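Peer 1: protein01.txt (compact mmCIF, C-alpha atoms and all ligand atoms) pasted underneath:
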```
# COMPACT_ATOMS: atom_id res chain seq x y z
CA MET A 1 0.00 0.00 0.00
CA ASN A 2 1.46 3.42 -0.85
CA LYS A 3 1.94 6.13 1.76
CA THR A 4 -0.91 8.34 0.54
CA LEU A 5 -3.36 5.47 0.81
CA ILE A 6 -2.06 4.51 4.28
CA ILE A 7 -2.68 8.09 5.48
CA LYS A 8 -6.14 8.17 3.90
CA LYS A 9 -7.14 4.87 5.52
CA THR A 10 -5.74 6.01 8.88
CA ALA A 11 -7.76 9.24 8.70
CA GLU A 12 -10.91 7.21 7.97
CA TYR A 13 -10.13 4.89 10.89
CA ALA A 14 -9.58 7.79 13.34
CA LYS A 15 -12.76 9.45 12.13
CA LYS A 16 -14.77 6.27 12.64
CA ILE A 17 -13.44 5.69 16.16
CA LEU A 18 -13.55 9.29 17.44
CA GLU A 19 -16.52 10.84 15.63
CA GLY A 20 -19.07 12.36 17.98
CA GLU A 21 -16.86 12.12 21.10
CA GLY A 22 -17.96 14.83 23.55
CA SER A 23 -14.93 15.66 25.69
CA GLY A 24 -12.88 17.56 23.10
CA HIS A 25 -10.81 14.57 22.02
CA ASP A 26 -13.04 13.96 19.01
CA TRP A 27 -12.26 13.49 15.31
CA TRP A 28 -12.27 17.23 14.63
CA HIS A 29 -9.54 17.75 17.25
CA VAL A 30 -7.50 15.12 15.41
CA TYR A 31 -8.31 16.76 12.08
CA ARG A 32 -7.07 20.16 13.34
CA VAL A 33 -3.90 18.67 14.80
CA TRP A 34 -3.27 16.89 11.50
CA GLN A 35 -3.72 20.11 9.48
CA ILE A 36 -1.57 22.29 11.71
CA ALA A 37 1.13 19.60 11.94
CA LYS A 38 1.38 19.71 8.14
CA GLU A 39 1.62 23.50 8.32
CA ILE A 40 4.39 23.38 10.95
CA GLY A 41 6.18 20.68 8.94
CA LYS A 42 6.48 22.92 5.88
CA THR A 43 9.49 24.70 7.33
CA GLU A 44 11.06 21.66 9.03
CA LYS A 45 12.98 18.79 7.48
CA ALA A 46 10.87 16.05 9.01
CA ASP A 47 9.56 12.69 7.85
CA MET A 48 6.01 13.86 7.16
CA PHE A 49 4.70 10.32 6.75
CA VAL A 50 5.54 9.69 10.42
CA VAL A 51 4.22 13.13 11.44
CA GLU A 52 0.87 12.63 9.70
CA LEU A 53 0.35 9.13 11.05
CA ALA A 54 1.22 10.19 14.60
CA ALA A 55 -1.08 13.21 14.38
CA LEU A 56 -3.94 11.03 13.17
CA LEU A 57 -3.43 8.32 15.78
CA HIS A 58 -2.31 10.35 18.81
CA ASP A 59 -5.69 10.31 20.58
CA ILE A 60 -7.00 7.02 19.23
CA ALA A 61 -7.40 5.77 22.82
CA ASP A 62 -6.67 8.43 25.48
CA TYR A 63 -5.71 7.13 28.95
CA LYS A 64 -8.03 9.65 30.65
CA LEU A 65 -11.01 8.22 28.84
CA HIS A 66 -9.90 4.58 29.26
CA GLY A 67 -9.63 4.09 33.00
CA GLY A 68 -6.12 5.59 33.22
CA ASP A 69 -4.51 2.92 31.01
CA GLU A 70 -1.50 4.73 29.48
CA GLU A 71 -0.53 1.85 27.21
CA ILE A 72 -3.86 1.55 25.41
CA GLY A 73 -3.11 4.45 23.01
CA PRO A 74 0.31 3.27 21.77
CA LYS A 75 -0.91 -0.36 21.64
CA THR A 76 -4.02 0.47 19.58
CA ALA A 77 -1.93 2.53 17.15
CA GLU A 78 0.67 -0.22 16.81
CA LYS A 79 -1.98 -2.79 16.02
CA TRP A 80 -3.50 -0.59 13.35
CA LEU A 81 -0.15 0.13 11.67
CA LYS A 82 0.67 -3.56 11.65
CA LYS A 83 -2.65 -4.28 9.97
CA LEU A 84 -1.68 -1.86 7.19
CA SER A 85 1.82 -3.44 6.97
CA VAL A 86 3.57 -0.14 7.72
CA GLU A 87 7.31 -0.85 7.95
CA LYS A 88 8.56 -1.36 11.49
CA LYS A 89 10.89 1.65 11.56
CA SER A 90 8.10 4.15 10.82
CA SER A 91 5.63 2.34 13.03
CA ASP A 92 8.06 2.39 15.99
CA GLN A 93 8.59 6.13 15.50
CA VAL A 94 4.83 6.81 15.44
CA VAL A 95 4.17 4.68 18.53
CA ASP A 96 7.02 6.40 20.38
CA ILE A 97 5.53 9.84 19.60
CA ILE A 98 2.11 8.77 20.89
CA ARG A 99 3.64 7.35 24.06
CA ASN A 100 5.33 10.68 24.87
CA ILE A 101 2.81 13.27 23.70
CA ASN A 102 0.77 13.75 26.89
CA PHE A 103 1.09 16.88 28.96
CA LYS A 104 2.46 15.70 32.30
CA GLY A 105 2.16 18.65 34.67
CA ALA A 106 3.32 22.23 35.10
CA LYS A 107 6.65 21.38 36.72
CA VAL A 108 7.41 18.24 34.72
CA LYS A 109 9.91 18.49 31.86
CA HIS A 110 8.68 17.26 28.48
CA ASP A 111 11.69 15.62 26.92
CA ILE A 112 10.97 14.98 23.24
CA LYS A 113 13.96 14.17 21.07
CA ALA A 114 12.76 13.43 17.53
CA LEU A 115 11.80 16.35 15.28
CA GLU A 116 8.66 14.46 14.21
CA GLY A 117 7.63 14.17 17.88
CA LYS A 118 8.24 17.86 18.46
CA ILE A 119 5.98 18.78 15.53
CA VAL A 120 3.08 16.59 16.66
CA PHE A 121 3.47 17.71 20.29
CA ASP A 122 3.36 21.38 19.22
CA ALA A 123 0.35 20.77 16.96
CA ASP A 124 -1.57 18.98 19.72
CA LYS A 125 -0.76 21.67 22.29
CA LEU A 126 -1.77 24.49 19.91
CA ASP A 127 -5.24 22.95 19.82
CA ALA A 128 -5.36 23.33 23.60
CA MET A 129 -4.85 27.10 23.24
CA GLY A 130 -6.83 30.07 21.91
CA ALA A 131 -10.55 30.10 21.17
CA ILE A 132 -10.67 26.38 20.46
CA GLY A 133 -8.56 25.55 23.50
CA ILE A 134 -10.99 27.44 25.72
CA ALA A 135 -13.97 25.58 24.22
CA ARG A 136 -12.26 22.21 24.66
CA THR A 137 -11.33 22.92 28.25
CA PHE A 138 -14.89 23.67 29.31
CA ALA A 139 -16.16 20.69 27.31
CA PHE A 140 -13.71 18.42 29.13
CA GLY A 141 -14.46 20.01 32.52
CA GLY A 142 -18.17 19.36 32.04
CA HIS A 143 -17.48 15.83 30.85
CA MET A 144 -15.56 15.21 34.11
CA ASP A 145 -18.24 16.89 36.22
CA ARG A 146 -15.96 19.78 37.24
CA GLU A 147 -17.10 23.23 38.37
CA ILE A 148 -16.52 26.06 35.88
CA TYR A 149 -14.81 28.14 38.58
CA ASN A 150 -14.53 28.33 42.31
CA PRO A 151 -12.63 31.36 43.66
CA ASN A 152 -11.86 29.50 46.90
CA VAL A 153 -9.75 26.87 45.14
CA LYS A 154 -6.36 28.15 43.99
CA PRO A 155 -4.33 26.67 41.12
CA TYR A 156 -1.64 24.12 41.87
CA LEU A 157 1.45 23.54 39.72
CA HIS A 158 1.82 19.76 39.69
CA LYS A 159 5.26 18.33 40.29
CA SER A 160 4.66 14.89 38.79
CA PHE A 161 2.51 13.23 36.14
CA GLU A 162 0.92 11.17 38.93
CA GLU A 163 -0.19 14.32 40.78
CA TYR A 164 -1.40 15.97 37.55
CA LYS A 165 -3.47 12.93 36.54
CA ASN A 166 -5.19 12.82 39.92
CA GLY A 167 -5.96 16.55 40.09
CA LYS A 168 -9.66 17.39 40.39
CA SER A 169 -9.78 21.16 40.28
CA HIS A 170 -12.28 23.49 38.59
CA THR A 171 -11.80 24.34 34.93
CA ILE A 172 -10.44 27.89 35.32
CA ASN A 173 -7.52 26.38 37.24
CA HIS A 174 -6.68 24.30 34.19
CA PHE A 175 -5.60 27.52 32.48
CA TYR A 176 -2.89 28.04 35.13
CA GLU A 177 -2.02 24.37 35.47
CA LYS A 178 -1.59 23.89 31.73
CA LEU A 179 -2.95 26.20 29.05
CA LEU A 180 -1.01 29.37 29.94
CA LEU A 181 2.22 27.38 30.21
CA LEU A 182 2.07 25.94 26.72
CA LYS A 183 3.58 28.86 24.83
CA ASN A 184 6.85 28.29 26.68
CA ILE A 185 7.12 24.60 25.92
CA MET A 186 6.64 24.76 22.15
CA HIS A 187 9.57 23.44 20.12
CA THR A 188 9.20 24.71 16.56
CA LYS A 189 9.45 28.24 15.24
CA THR A 190 6.05 28.17 13.53
CA ALA A 191 4.26 26.86 16.63
CA LYS A 192 5.93 29.42 18.90
CA LYS A 193 4.60 32.20 16.71
CA ILE A 194 1.03 30.88 16.66
CA ALA A 195 1.16 30.10 20.40
CA LYS A 196 2.00 33.70 21.21
CA ARG A 197 -1.22 34.93 19.57
CA ARG A 198 -3.38 32.24 21.14
CA HIS A 199 -1.85 32.90 24.54
CA LYS A 200 -2.73 36.58 24.38
CA TYR A 201 -6.31 35.72 23.50
CA MET A 202 -6.63 33.44 26.55
CA GLU A 203 -5.27 36.16 28.84
CA GLU A 204 -7.85 38.60 27.51
CA TYR A 205 -10.56 35.98 27.98
CA LEU A 206 -9.62 35.45 31.63
CA GLU A 207 -9.61 39.16 32.30
CA LYS A 208 -13.20 39.42 31.06
CA PHE A 209 -14.20 36.28 32.91
CA TYR A 210 -13.15 37.68 36.31
CA LYS A 211 -14.82 41.02 35.62
CA GLU A 212 -18.11 39.37 34.71
CA TRP A 213 -17.83 37.10 37.77
CA GLU A 214 -18.02 40.18 39.99
CA GLY A 215 -20.69 41.86 37.85
CA LYS A 216 -18.19 44.45 36.73
CA GLU A 217 -18.69 44.24 32.96
P1 LIG B 301 -2.63 16.47 26.22
O1 LIG B 301 -3.15 15.93 24.94
O2 LIG B 301 -1.85 17.72 26.10
O3 LIG B 301 -2.01 15.47 27.14
P2 LIG B 301 -5.08 16.31 27.48
O4 LIG B 301 -5.50 15.20 26.60
O5 LIG B 301 -4.84 16.09 28.93
O6 LIG B 301 -3.84 17.02 26.92
O7 LIG B 301 -6.08 17.47 27.38
C1 LIG B 301 -6.54 17.95 26.18
C2 LIG B 301 -7.49 19.03 26.51
O8 LIG B 301 -8.55 18.54 27.33
C3 LIG B 301 -6.85 20.10 27.36
O9 LIG B 301 -6.09 20.98 26.63
C4 LIG B 301 -8.04 20.71 27.99
O10 LIG B 301 -8.74 21.49 27.06
C5 LIG B 301 -8.85 19.49 28.31
N1 LIG B 301 -8.50 19.02 29.65
C6 LIG B 301 -7.67 18.05 30.04
N2 LIG B 301 -7.61 17.95 31.39
C7 LIG B 301 -8.44 18.89 31.85
C8 LIG B 301 -8.86 19.34 33.15
N3 LIG B 301 -8.39 18.76 34.25
N4 LIG B 301 -9.74 20.34 33.21
C9 LIG B 301 -10.23 20.93 32.10
N5 LIG B 301 -9.89 20.56 30.87
C10 LIG B 301 -9.01 19.57 30.74
NI NI B 302 -4.75 15.52 21.33
```
In structure tokens, what does this structure look like?
Peer 2:
Amino acid sequence: MNKTLIIKKTAEYAKKILEGEGSGHDWWHVYRVWQIAKEIGKTEKADMFVVELAALLHDIADYKLHGGDEEIGPKTAEKWLKKLSVEKKSSDQVVDIIRNINFKGAKVKHDIKALEGKIVFDADKLDAMGAIGIARTFAFGGHMDREIYNPNVKPYLHKSFEEYKNGKSHTINHFYEKLLLLKNIMHTKTAKKIAKRRHKYMEEYLEKFYKEWEGKE
């Protein structure tokens, strides 16, 4: 099977599995990550076959939505790539990217070595920022039965992935625990530029949010 067909079939597979998902990890999230990864890749010398496959499969089975099982994502992707007879070298690269793509906490270092991994990480994190990032965060918060905001509960910068995974704060805190930190952990030049704009928009959003909370706007 040629590479174009493998990507097409993988997009169809991701769409079938994730269509209609309500927590913000749906097919359209994957679609956006795929598109922006291609955009970022234009100015990088990366293996775009690996980038596209990893973008398409990165949320095929998220640990948060599968009882905390962190291996289910990489395993599901590996099985799919084997079914399509994707050569082992590319498949291993894709699976490795998926294994390391999760945000792990404010004070945890994200150590991604391969350029292809950096591109997909940046693309995924860009979709957690800006107007779409805000929408996804509240969708996820509602899905997990979280309060929108509670002024009595302050943000906490998690020191380990374990702590981050078990956090149960309100959704506004998620901005401080993750979203506002993303612009500083982008790897590629293109993503850094886009992240700057999206970051500014989130700051403006929060400013309005607090004003409205106190009936001041
Ligand atoms: P990543 O793919 O970076 O590991 P996640 O899958 O944890 O990120 O989260 C993707 C998006 O889901 C976040 O950017 C956010 O919008 C939402 N989300 C995840 N965890 C939370 C949370 N605790 N509260 C609110 N939204 C969350
Ligand atoms: Ni994602």
Peer 1: Which residues come within 8 Å of Gly105 in chain A, counting all atoms listed in the file, excluding same-chain residues fewer than 2 positions away, as a PyMOL selection string?
Peer 2: chain A and resi 103+107-108+157-161+163-164+177-178
Peer 1: Which residues are near His58 in chain A? Cut-off 9 Å, all atoms listed in the file, ignore same chain within fewer than 5 positions. Put them as a list in words.
Peer 2: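 The residues satisfying every condition are Val30, Leu53, Gly73, Pro74, Ala77, Val94, Val95, Ile97, Ile98, Arg99, Ile101, Val120 and Asp124 of chain A.
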Peer 1: Quick check, in Å to one decimal: how far apart do CA of Ala11 in chain A and CA of Leu179 in chain A lie?
Peer 2: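 Taking CA of Ala11 in chain A as the start and CA of Leu179 in chain A as the end point, the length is 26.9 Å.
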Peer 1: Once you count only C-alpha atoms and all ligand atoms, which residues end up within 12 Å of ligand NI 302 (chain B), and could you hand them over as a ChimeraX atom specification?
Peer 2: /A:18,23-34,37,54-64,73,97-98,100-103,120-129,133,136
Peer 1: In Å, rounded to a single decimal, give me how far CA of Glu19 in chain A is from CA of Gly141 in chain A.
Peer 2: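 Pair CA of Gly141 in chain A / CA of Glu19 in chain A returns 19.3 Å.
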